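Next up, structure01.csv (CSV, C-alpha atoms and all ligand atoms):
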chain,number,residue,atom,x,y,z
A,1,MET,CA,0.0,0.0,0.0
A,2,GLN,CA,1.3,3.4,-0.9
A,3,PHE,CA,0.1,6.5,1.0
A,4,LYS,CA,-0.5,9.5,-1.1
A,5,SER,CA,-1.6,12.3,1.1
A,6,LEU,CA,-3.8,13.4,3.9
A,7,THR,CA,-7.4,13.8,2.9
A,8,GLY,CA,-9.7,16.7,2.8
A,9,TYR,CA,-12.4,14.6,4.4
A,10,LYS,CA,-13.0,15.9,7.9
A,11,SER,CA,-14.6,12.8,9.2
A,12,LEU,CA,-15.8,9.4,7.9
A,13,ALA,CA,-19.3,10.9,7.8
A,14,THR,CA,-18.2,13.4,5.2
A,15,LEU,CA,-17.0,10.5,3.1
A,16,GLY,CA,-20.4,8.8,3.2
A,17,TRP,CA,-20.0,6.6,6.3
A,18,ARG,CA,-23.4,5.9,7.9
A,19,PRO,CA,-25.2,3.5,10.2
A,20,PHE,CA,-26.0,1.1,7.4
A,21,PHE,CA,-22.3,0.3,7.1
A,22,GLN,CA,-21.4,0.7,10.8
A,23,GLN,CA,-24.1,-1.9,11.7
A,24,GLN,CA,-22.3,-4.5,9.7
A,25,LEU,CA,-19.2,-4.5,11.9
A,26,THR,CA,-18.9,-6.9,14.8
A,27,LEU,CA,-17.5,-5.6,18.1
A,28,GLU,CA,-14.2,-7.3,17.3
A,29,GLU,CA,-14.1,-5.8,13.8
A,30,TYR,CA,-14.9,-2.4,15.3
A,31,SER,CA,-11.8,-2.5,17.5
A,32,LEU,CA,-9.4,-4.2,15.1
A,33,TYR,CA,-10.2,-2.8,11.7
A,34,PHE,CA,-11.0,0.5,10.1
A,35,PRO,CA,-13.2,1.5,7.2
A,36,VAL,CA,-12.0,3.1,4.0
A,37,ARG,CA,-13.9,4.0,0.8
A,38,VAL,CA,-12.9,3.3,-2.8
A,39,ILE,CA,-12.5,6.6,-4.5
A,40,GLU,CA,-10.7,5.6,-7.7
A,41,GLN,CA,-10.3,2.4,-9.6
A,42,HIS,CA,-7.4,1.4,-11.8
A,43,LYS,CA,-6.5,-1.8,-13.6
A,44,SER,CA,-4.5,-3.5,-10.8
A,45,MET,CA,-5.2,-1.2,-7.8
A,46,ILE,CA,-7.7,0.9,-6.2
A,47,THR,CA,-7.4,4.2,-4.4
A,48,VAL,CA,-9.0,4.3,-1.0
A,49,ALA,CA,-9.7,7.2,1.4
A,50,SER,CA,-10.4,7.4,5.1
A,51,ASP,CA,-10.7,10.6,7.2
A,52,ALA,CA,-6.9,10.4,7.8
A,53,PHE,CA,-5.3,9.4,4.5
A,54,VAL,CA,-5.6,8.5,0.8
A,55,ALA,CA,-3.7,5.4,-0.3
A,56,ASN,CA,-3.3,3.0,-3.2
A,57,LEU,CA,-4.1,-0.6,-2.5
A,58,ASP,CA,-2.9,-3.4,-4.9
A,59,LEU,CA,-5.6,-5.7,-6.0
A,60,GLN,CA,-5.1,-9.5,-5.3
A,61,HIS,CA,-7.0,-12.4,-6.8
A,62,SER,CA,-8.3,-13.4,-3.4
A,63,MET,CA,-10.1,-10.1,-3.1
A,64,PRO,CA,-13.8,-9.7,-4.2
A,65,GLU,CA,-14.7,-7.4,-7.1
A,66,MET,CA,-14.6,-3.8,-5.8
A,67,VAL,CA,-15.9,-0.7,-7.4
A,68,VAL,CA,-15.8,3.1,-6.8
A,69,GLY,CA,-18.0,3.9,-3.8
A,70,ASP,CA,-17.4,0.6,-2.0
A,71,TRP,CA,-16.6,0.5,1.7
A,72,LEU,CA,-14.1,-2.0,2.9
A,73,LEU,CA,-12.2,-2.8,6.1
A,74,LEU,CA,-8.5,-2.7,6.5
A,75,ASP,CA,-6.4,-4.2,9.3
A,76,ARG,CA,-3.9,-2.2,11.3
A,77,ASP,CA,-1.2,-3.1,8.7
A,78,ASN,CA,-3.4,-1.6,6.0
A,79,HIS,CA,-4.2,-5.0,4.5
A,80,PHE,CA,-7.6,-5.7,3.0
A,81,TYR,CA,-9.8,-7.5,5.5
A,82,ARG,CA,-13.3,-7.5,3.9
A,83,LEU,CA,-15.8,-5.7,1.7
A,84,LEU,CA,-19.0,-4.3,3.3
A,85,ASP,CA,-22.4,-4.9,1.9
A,86,ARG,CA,-23.6,-2.2,-0.6
A,87,SER,CA,-26.6,0.0,0.0
A,88,THR,CA,-27.1,0.4,-3.7
A,89,CYS,CA,-25.3,-0.9,-6.8
A,90,PHE,CA,-25.2,0.2,-10.5
A,91,LYS,CA,-24.0,-2.5,-12.9
A,92,ARG,CA,-24.0,-3.0,-16.7
A,93,LYS,CA,-23.7,-5.6,-19.3
A,94,ALA,CA,-20.0,-6.0,-20.1
A,95,ALA,CA,-19.4,-5.9,-23.9
A,96,GLY,CA,-17.4,-8.7,-25.5
A,97,SER,CA,-16.2,-10.1,-22.2
A,98,ARG,CA,-16.4,-13.4,-20.6
A,99,VAL,CA,-17.8,-11.7,-17.5
A,100,ASP,CA,-21.4,-10.8,-18.0
A,101,TRP,CA,-21.7,-8.1,-15.5
A,102,GLN,CA,-19.6,-5.1,-14.7
A,103,LEU,CA,-20.1,-3.2,-11.5
A,104,ILE,CA,-20.0,0.5,-12.2
A,105,SER,CA,-20.5,2.1,-8.8
A,106,ALA,CA,-21.6,1.3,-5.3
A,107,ASN,CA,-23.4,3.1,-2.4
A,108,VAL,CA,-24.8,5.9,-4.5
A,109,ASP,CA,-27.6,7.7,-2.6
A,110,THR,CA,-29.1,9.9,-5.2
A,111,ALA,CA,-29.1,9.9,-9.0
A,112,PHE,CA,-29.6,13.2,-10.9
A,113,ILE,CA,-31.3,12.2,-14.2
A,114,VAL,CA,-30.4,15.1,-16.5
A,115,CYS,CA,-32.7,15.8,-19.5
A,116,SER,CA,-32.5,19.1,-21.4
A,117,LEU,CA,-35.4,21.3,-22.0
A,118,ASN,CA,-34.9,21.5,-25.8
A,119,ALA,CA,-35.8,19.3,-28.7
A,120,ASN,CA,-34.2,16.4,-26.9
A,121,PHE,CA,-36.8,16.5,-24.1
A,122,ASN,CA,-38.2,13.0,-24.0
A,123,LEU,CA,-40.4,11.3,-21.4
A,124,ASN,CA,-39.5,7.8,-22.6
A,125,ARG,CA,-35.9,8.4,-22.0
A,126,ILE,CA,-36.6,9.7,-18.5
A,127,GLU,CA,-38.6,6.6,-17.8
A,128,ARG,CA,-35.7,4.5,-19.1
A,129,TYR,CA,-33.2,6.2,-16.7
A,130,LEU,CA,-35.7,5.9,-13.8
A,131,SER,CA,-35.8,2.2,-14.4
A,132,LEU,CA,-32.0,2.0,-14.1
A,133,VAL,CA,-31.9,4.1,-11.0
A,134,ASN,CA,-34.8,2.2,-9.3
A,135,GLU,CA,-33.0,-1.0,-10.1
A,136,ALA,CA,-29.9,0.2,-8.5
A,137,GLY,CA,-31.9,1.2,-5.4
A,138,ALA,CA,-30.9,4.9,-5.5
A,139,GLN,CA,-33.2,7.9,-5.1
A,140,PRO,CA,-33.9,9.5,-8.5
A,141,VAL,CA,-34.2,13.3,-9.0
A,142,VAL,CA,-35.0,14.5,-12.5
A,143,VAL,CA,-33.0,17.6,-13.4
A,144,LEU,CA,-34.4,19.5,-16.4
A,145,SER,CA,-31.4,21.4,-17.8
A,146,LYS,CA,-31.2,24.5,-20.1
A,147,SER,CA,-34.2,26.0,-18.4
A,148,ASP,CA,-32.9,29.4,-19.5
A,149,LEU,CA,-33.6,28.4,-23.1
A,150,ASN,CA,-37.1,27.3,-22.6
A,151,PRO,CA,-39.8,29.8,-21.4
A,152,SER,CA,-42.2,26.8,-20.7
A,153,ALA,CA,-39.8,25.1,-18.3
A,154,GLN,CA,-42.4,24.7,-15.5
A,155,GLU,CA,-44.9,23.2,-17.9
A,156,PHE,CA,-42.3,20.5,-18.9
A,157,ALA,CA,-41.6,20.0,-15.2
A,158,SER,CA,-45.3,19.3,-14.6
A,159,GLN,CA,-45.3,16.7,-17.4
A,160,VAL,CA,-42.5,14.9,-15.7
A,161,ARG,CA,-44.2,15.1,-12.3
A,162,ARG,CA,-47.3,13.5,-13.8
A,163,LEU,CA,-45.3,10.4,-14.4
A,164,ASP,CA,-45.2,9.8,-10.7
A,165,ASN,CA,-46.5,12.1,-8.0
A,166,SER,CA,-43.7,11.4,-5.7
A,167,LEU,CA,-41.0,12.2,-8.2
A,168,CYS,CA,-38.6,15.0,-7.5
A,169,VAL,CA,-38.2,17.3,-10.5
A,170,GLU,CA,-36.1,20.5,-10.8
A,171,ALA,CA,-35.6,22.8,-13.8
A,172,VAL,CA,-32.1,24.5,-13.8
A,173,ASN,CA,-29.7,26.4,-15.8
A,174,CYS,CA,-26.5,24.4,-15.4
A,175,LEU,CA,-24.4,27.4,-16.3
A,176,ASP,CA,-25.7,29.4,-13.4
A,177,ARG,CA,-24.5,28.4,-9.9
A,178,ASP,CA,-27.4,30.1,-8.2
A,179,SER,CA,-29.9,28.1,-10.2
A,180,VAL,CA,-28.0,24.9,-9.6
A,181,SER,CA,-27.9,25.6,-5.8
A,182,LYS,CA,-31.5,24.3,-5.5
A,183,LEU,CA,-30.1,20.8,-6.0
A,184,HIS,CA,-28.1,21.1,-2.8
A,185,HIS,CA,-31.3,20.1,-1.0
A,186,TRP,CA,-30.4,16.5,-2.2
A,187,ILE,CA,-26.7,16.8,-1.4
A,188,GLY,CA,-26.4,16.7,2.3
A,189,GLU,CA,-23.2,15.8,4.2
A,190,GLY,CA,-21.8,12.5,3.0
A,191,GLU,CA,-24.5,12.0,0.4
A,192,THR,CA,-23.2,10.3,-2.7
A,193,ILE,CA,-24.7,11.4,-6.0
A,194,VAL,CA,-24.3,10.5,-9.6
A,195,VAL,CA,-25.2,12.5,-12.7
A,196,LEU,CA,-26.8,10.5,-15.6
A,197,GLY,CA,-28.2,11.5,-18.9
A,198,SER,CA,-27.6,11.5,-22.7
A,199,SER,CA,-24.7,13.2,-24.3
A,200,GLY,CA,-24.8,17.0,-24.4
A,201,VAL,CA,-27.6,17.5,-21.9
A,202,GLY,CA,-25.2,19.4,-19.6
A,203,LYS,CA,-23.8,16.8,-17.1
A,204,SER,CA,-20.3,18.2,-17.0
A,205,THR,CA,-21.6,21.7,-16.9
A,206,LEU,CA,-23.8,20.8,-13.9
A,207,ILE,CA,-21.0,19.0,-12.1
A,208,ASN,CA,-18.7,22.0,-12.6
A,209,SER,CA,-21.3,24.3,-11.2
A,210,LEU,CA,-21.9,22.1,-8.2
A,211,LEU,CA,-18.1,21.9,-7.5
A,212,GLY,CA,-17.3,25.6,-8.2
A,213,THR,CA,-14.8,26.9,-10.7
A,214,ASN,CA,-13.2,23.9,-12.5
A,215,GLN,CA,-12.6,22.1,-9.3
A,216,GLN,CA,-13.0,18.9,-11.2
A,217,LYS,CA,-10.1,19.7,-13.4
A,218,THR,CA,-7.8,20.6,-10.5
A,219,ASN,CA,-8.7,17.4,-8.7
A,220,SER,CA,-8.0,15.3,-11.7
A,221,ILE,CA,-4.3,16.1,-11.9
A,222,ARG,CA,-2.3,14.0,-9.7
A,223,LYS,CA,1.0,12.3,-9.5
A,224,ASP,CA,1.2,8.6,-10.4
A,225,ASP,CA,3.3,7.4,-7.6
A,226,GLU,CA,3.9,4.0,-8.9
A,227,LYS,CA,5.4,4.8,-12.2
A,228,GLY,CA,6.8,8.1,-11.3
A,229,ARG,CA,5.1,10.0,-14.2
A,230,HIS,CA,2.2,12.4,-14.3
A,231,THR,CA,-1.1,11.3,-15.5
A,232,THR,CA,-4.4,13.1,-15.8
A,233,THR,CA,-7.1,10.7,-14.7
A,234,ARG,CA,-10.4,12.0,-13.5
A,235,ARG,CA,-11.0,11.4,-9.9
A,236,SER,CA,-14.1,9.3,-9.4
A,237,LEU,CA,-15.4,10.4,-6.1
A,238,ILE,CA,-15.2,14.1,-5.7
A,239,PRO,CA,-16.1,16.1,-2.6
A,240,ILE,CA,-18.6,18.9,-3.2
A,241,PRO,CA,-17.9,22.1,-1.3
A,242,GLY,CA,-20.6,22.4,1.4
A,243,GLY,CA,-21.1,18.6,1.7
A,244,GLY,CA,-21.8,15.5,-0.4
A,245,LEU,CA,-19.8,13.7,-3.0
A,246,ILE,CA,-20.1,13.3,-6.8
A,247,LEU,CA,-19.3,9.8,-8.1
A,248,ASP,CA,-18.3,10.3,-11.7
A,249,THR,CA,-16.8,7.4,-13.8
A,250,PRO,CA,-17.0,7.0,-17.5
A,251,GLY,CA,-19.0,3.8,-17.0
A,252,MET,CA,-21.8,5.7,-15.5
A,253,ARG,CA,-22.3,7.5,-18.7
A,254,ALA,CA,-22.8,4.5,-20.9
A,255,ILE,CA,-25.2,2.5,-18.8
A,256,GLN,CA,-27.8,0.4,-20.6
A,257,LEU,CA,-30.9,-1.6,-19.7
A,258,ALA,CA,-30.4,-5.3,-18.8
A,259,ASP,CA,-31.5,-7.4,-15.9
A,260,CYS,CA,-33.5,-4.4,-14.8
A,261,ARG,CA,-36.9,-5.9,-14.5
A,262,ASP,CA,-37.6,-4.9,-10.9
A,263,GLY,CA,-36.5,-1.3,-11.8
A,264,ILE,CA,-39.0,-1.2,-14.6
A,265,LEU,CA,-41.8,-2.6,-12.4
A,266,THR,CA,-41.0,0.0,-9.7
A,267,THR,CA,-41.0,2.8,-12.3
A,268,PHE,CA,-44.3,1.7,-13.7
A,269,SER,CA,-46.0,0.7,-10.5
A,270,ASP,CA,-49.2,2.4,-11.6
A,271,ILE,CA,-49.5,0.1,-14.6
A,272,GLU,CA,-48.4,-2.9,-12.4
A,273,GLU,CA,-51.2,-2.2,-9.9
A,274,LEU,CA,-53.8,-2.1,-12.7
A,275,ALA,CA,-52.3,-5.3,-14.3
A,276,ALA,CA,-53.2,-7.2,-11.2
A,277,ARG,CA,-56.8,-6.6,-12.1
A,278,CYS,CA,-56.6,-7.9,-15.7
A,279,ARG,CA,-58.8,-10.9,-16.5
A,280,TYR,CA,-55.9,-13.0,-17.6
A,281,ARG,CA,-52.8,-13.5,-15.5
A,282,ASP,CA,-50.5,-13.4,-18.5
A,283,CYS,CA,-52.3,-10.4,-20.1
A,284,GLN,CA,-50.0,-8.6,-22.4
A,285,HIS,CA,-52.2,-5.4,-22.2
A,286,GLN,CA,-52.7,-5.3,-26.0
A,287,SER,CA,-56.2,-6.3,-27.0
A,288,GLU,CA,-57.2,-9.0,-24.6
A,289,PRO,CA,-60.7,-8.8,-23.2
A,290,GLY,CA,-60.9,-7.7,-19.6
A,291,CYS,CA,-57.6,-5.8,-19.7
A,292,ALA,CA,-57.7,-3.3,-16.9
A,293,VAL,CA,-54.6,-1.4,-18.3
A,294,GLN,CA,-56.2,-0.8,-21.7
A,295,LYS,CA,-59.4,0.3,-20.0
A,296,ALA,CA,-57.4,2.9,-18.0
A,297,VAL,CA,-55.7,4.1,-21.2
A,298,GLU,CA,-59.1,4.5,-22.9
A,299,ALA,CA,-60.4,6.4,-19.9
A,300,GLY,CA,-57.4,8.7,-20.1
A,301,GLU,CA,-56.0,7.7,-16.8
A,302,ILE,CA,-52.7,6.3,-18.3
A,303,ASP,CA,-51.0,7.8,-21.3
A,304,ARG,CA,-50.8,5.4,-24.3
A,305,ARG,CA,-47.2,6.6,-24.7
A,306,ARG,CA,-46.4,5.4,-21.2
A,307,LEU,CA,-48.0,2.0,-21.7
A,308,GLU,CA,-46.1,1.6,-25.0
A,309,ASN,CA,-42.8,2.6,-23.4
A,310,TYR,CA,-43.4,0.2,-20.5
A,311,LEU,CA,-44.0,-2.7,-22.9
A,312,LYS,CA,-41.0,-1.7,-25.0
A,313,LEU,CA,-38.6,-1.5,-22.0
A,314,LEU,CA,-39.8,-4.9,-20.7
A,315,LYS,CA,-39.3,-6.4,-24.1
A,316,GLU,CA,-35.8,-4.9,-24.4
A,317,GLU,CA,-34.9,-6.0,-20.9
A,318,ALA,CA,-36.1,-9.6,-21.6
A,319,PHE,CA,-34.1,-9.7,-24.8
A,320,ASN,CA,-30.9,-8.5,-23.1
A,321,SER,CA,-31.3,-10.7,-20.1
A,322,ALA,CA,-32.1,-13.8,-22.3
A,323,THR,CA,-28.9,-13.1,-24.3
A,324,LEU,CA,-27.0,-13.1,-21.0
A,325,SER,CA,-28.4,-16.4,-19.7
A,326,GLU,CA,-27.8,-18.0,-23.1
A,327,LYS,CA,-24.2,-16.7,-22.9
A,328,ARG,CA,-23.9,-18.1,-19.4
A,329,ALA,CA,-25.2,-21.5,-20.6
A,330,LYS,CA,-22.8,-21.5,-23.5
A,331,ASP,CA,-19.9,-20.6,-21.2
A,332,LYS,CA,-20.8,-23.5,-19.0
A,333,ALA,CA,-21.0,-25.9,-21.9
A,334,LEU,CA,-17.7,-24.7,-23.2
A,335,GLY,CA,-16.2,-25.2,-19.7
A,336,LYS,CA,-17.4,-28.8,-19.7
A,337,PHE,CA,-16.0,-29.4,-23.1
A,338,TYR,CA,-12.5,-28.1,-22.1
A,339,LYS,CA,-12.7,-30.3,-19.0
A,340,ARG,CA,-13.7,-33.4,-21.0
A,341,THR,CA,-11.0,-32.8,-23.6
A,342,LEU,CA,-8.4,-32.3,-20.9
A,343,THR,CA,-9.5,-35.6,-19.2
A,344,GLU,CA,-9.3,-37.5,-22.5
A,345,SER,CA,-5.9,-36.1,-23.3
A,346,TYR,CA,-4.7,-37.2,-19.8
A,347,LYS,CA,-6.1,-40.6,-20.4
A,348,GLN,CA,-4.3,-40.9,-23.8
A,349,LYS,CA,-1.1,-39.9,-22.1
A,350,GLY,CA,-1.7,-42.7,-19.7
A,351,ARG,CA,-1.9,-40.5,-16.6
B,401,LIG,N1,-27.9,27.6,-22.0
B,401,LIG,C1,-27.5,26.5,-21.4
B,401,LIG,N2,-26.5,25.8,-21.9
B,401,LIG,C2,-26.1,24.7,-21.3
B,401,LIG,C3,-26.7,24.3,-20.0
B,401,LIG,N3,-26.2,23.1,-19.6
B,401,LIG,C4,-25.2,22.8,-20.5
B,401,LIG,N4,-25.2,23.7,-21.5
B,401,LIG,C5,-24.3,23.7,-22.7
B,401,LIG,O1,-24.6,22.5,-23.4
B,401,LIG,C6,-23.4,22.0,-24.0
B,401,LIG,C7,-23.2,20.5,-23.5
B,401,LIG,O2,-22.9,20.5,-22.1
B,401,LIG,P1,-22.0,19.4,-21.4
B,401,LIG,O3,-22.0,19.8,-20.0
B,401,LIG,O4,-20.8,19.2,-22.1
B,401,LIG,O5,-22.9,18.1,-21.6
B,401,LIG,P2,-22.7,16.6,-21.2
B,401,LIG,O6,-24.0,16.0,-20.8
B,401,LIG,O7,-21.6,16.6,-20.1
B,401,LIG,O8,-22.2,15.9,-22.5
B,401,LIG,P3,-21.3,14.6,-22.7
B,401,LIG,O9,-19.9,14.9,-22.1
B,401,LIG,O10,-21.2,14.4,-24.2
B,401,LIG,O11,-22.0,13.5,-22.0
B,401,LIG,C8,-22.3,22.9,-23.5
B,401,LIG,O12,-22.0,23.8,-24.6
B,401,LIG,C9,-22.8,23.7,-22.4
B,401,LIG,O13,-22.3,25.0,-22.2
B,401,LIG,C10,-27.8,25.1,-19.5
B,401,LIG,O14,-28.4,24.8,-18.5
B,401,LIG,N5,-28.1,26.2,-20.3
B,402,ZN,ZN,-54.0,-6.3,-19.3
Using the file provided, produce a representation of the structure as structure tokens.
Ligand SMILES: Nc1nc2c(ncn2[C@@H]2O[C@H](COP(=O)(O)OP(=O)(O)OP(=O)(O)O)[C@@H](O)[C@H]2O)c(=O)[nH]1
Ligand SMILES: [Zn+2]
Amino acid sequence: MQFKSLTGYKSLATLGWRPFFQQQLTLEEYSLYFPVRVIEQHKSMITVASDAFVANLDLQHSMPEMVVGDWLLLDRDNHFYRLLDRSTCFKRKAAGSRVDWQLISANVDTAFIVCSLNANFNLNRIERYLSLVNEAGAQPVVVLSKSDLNPSAQEFASQVRRLDNSLCVEAVNCLDRDSVSKLHHWIGEGETIVVLGSSGVGKSTLINSLLGTNQQKTNSIRKDDEKGRHTTTRRSLIPIPGGGLILDTPGMRAIQLADCRDGILTTFSDIEELAARCRYRDCQHQSEPGCAVQKAVEAGEIDRRRLENYLKLLKEEAFNSATLSEKRAKDKALGKFYKRTLTESYKQKGR
């Protein structure tokens, strides 16, 4: 382990430590080990922070998979002891890899779903992001950006609120720090937030406004101790002045829908409740007799657009997940094949 510097975190609480994690420690662990949080991730090491130091920890095969945002325990010699359970977890389908799932981040409290108030405003896309955030278990807040460019910003905000009465929605001008300050309501001390949304909606601009003048840039420049050269990697867990932390990794920006069924069902709980009243248990809510969902659409209680998006997201999710299970089955079969070939070749060699 290499120590890098003292941290700017005043206490573990400012780094996101809370009862959920504390409760996982036995009395013995409490006295013998101390918690650190993963703030950066590299190929063969992670950077961890406590209230007293920031350090690099080399990854070993014996360690579980860890990701930015994770909490783990170290012993007095700064050796890895164990990973703590996650309160929330974002993951994605790994492209072209043997491993199906890639963890993207852990222990995120709130996700700002950014959608711009221009021609790109799209309720379907908001529902898609809501499904991802609900699946991860984080609290969603819809941030409608570029409010300065749209005189009907509040009207659009109302449209989003109609998706779900309990949804938090704010219209902001990401370029204006005063406007962005209304989001501080969701960024209390130690709260970990992520910023999601399509390209160009204003995520970087929003992050910079939350952090103050180009703080992100300043933070990103650090010395690579190991190789003795300077690199400019973006820090993944960045403290926000006034409290809270932004978790920003490239992976968060390319997140897609797979194995997300529960998240979709939570996002569309209104449709789910109605579906329980359909005549047929396997009702597809198309043109079946006695469909309570179609009835609600005809009565104007549910938007047809919303129903169609719900069905589309479920279909897409089922397709992605099926591909995953097929891949898993194939991997298993391939493993068996290798084993059999190996056994046969041993036999032939007379071993
Ligand atoms: N007028 C106005 N312009 C904005 C606002 N937010 C972002 N912009 C502008 O929109 C453009 C894109 O903003 P970015 O912050 O780079 O968008 P992004 O979501 O980070 O984009 P990617 O990095 O591609 O994912 C920039 O030119 C910003 O200055 C806003 O609230 N109002
Ligand atoms: Zn139905």
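Among the candidates A:Asn118, A:Val141, A:Ser321, A:Leu245, the one nearest to ligand LIG 401 (chain B) when counting all atoms listed in the file is A:Asn118.
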Environment of ligand LIG 401 (chain B) within 9 Å, counting only C-alpha atoms and all ligand atoms, reported as a ChimeraX atom specification: /A:114-117,144-149,171-176,180,195-208,253
Using 8 Å as the limit and counting all atoms listed in the file, can you tabulate each residue of stretch 99-186 of chain A that touches stretch 65-88 of chain A, with its shortest atom-to-atom distance in Å and the two atoms involved, as JSON lines?
{"residue": "A:Leu103", "atom": "CA", "partner": "A:Val67", "partner_atom": "CA", "distance": 6.4}
{"residue": "A:Ile104", "atom": "CA", "partner": "A:Val67", "partner_atom": "CA", "distance": 6.4}
{"residue": "A:Ser105", "atom": "CA", "partner": "A:Val68", "partner_atom": "CA", "distance": 5.2}
{"residue": "A:Ala106", "atom": "CA", "partner": "A:Gly69", "partner_atom": "CA", "distance": 4.7}
{"residue": "A:Asn107", "atom": "CA", "partner": "A:Thr88", "partner_atom": "CA", "distance": 4.8}
{"residue": "A:Val108", "atom": "CA", "partner": "A:Thr88", "partner_atom": "CA", "distance": 6.0}
{"residue": "A:Asp109", "atom": "CA", "partner": "A:Thr88", "partner_atom": "CA", "distance": 7.4}
{"residue": "A:Ala136", "atom": "CA", "partner": "A:Thr88", "partner_atom": "CA", "distance": 5.6}
{"residue": "A:Gly137", "atom": "CA", "partner": "A:Thr88", "partner_atom": "CA", "distance": 5.2}
{"residue": "A:Ala138", "atom": "CA", "partner": "A:Thr88", "partner_atom": "CA", "distance": 6.2}
Nearby residues, (-32.9, -4.6, -6.7) file frame, 12 Å, all atoms listed in the file, as JSON, numbers by chain: {"A": [86, 87, 88, 89, 90, 91, 131, 132, 133, 134, 135, 136, 137, 138, 259, 260, 261, 262, 263, 264, 265, 266]}
Test item: residues lying within 12 Å of ligand ZN 402 (chain B) with only C-alpha atoms and all ligand atoms, as JSON, numbers by chain: {"A": [271, 272, 273, 274, 275, 276, 277, 278, 279, 280, 281, 282, 283, 284, 285, 286, 287, 288, 289, 290, 291, 292, 293, 294, 295, 296, 297, 307, 311]}
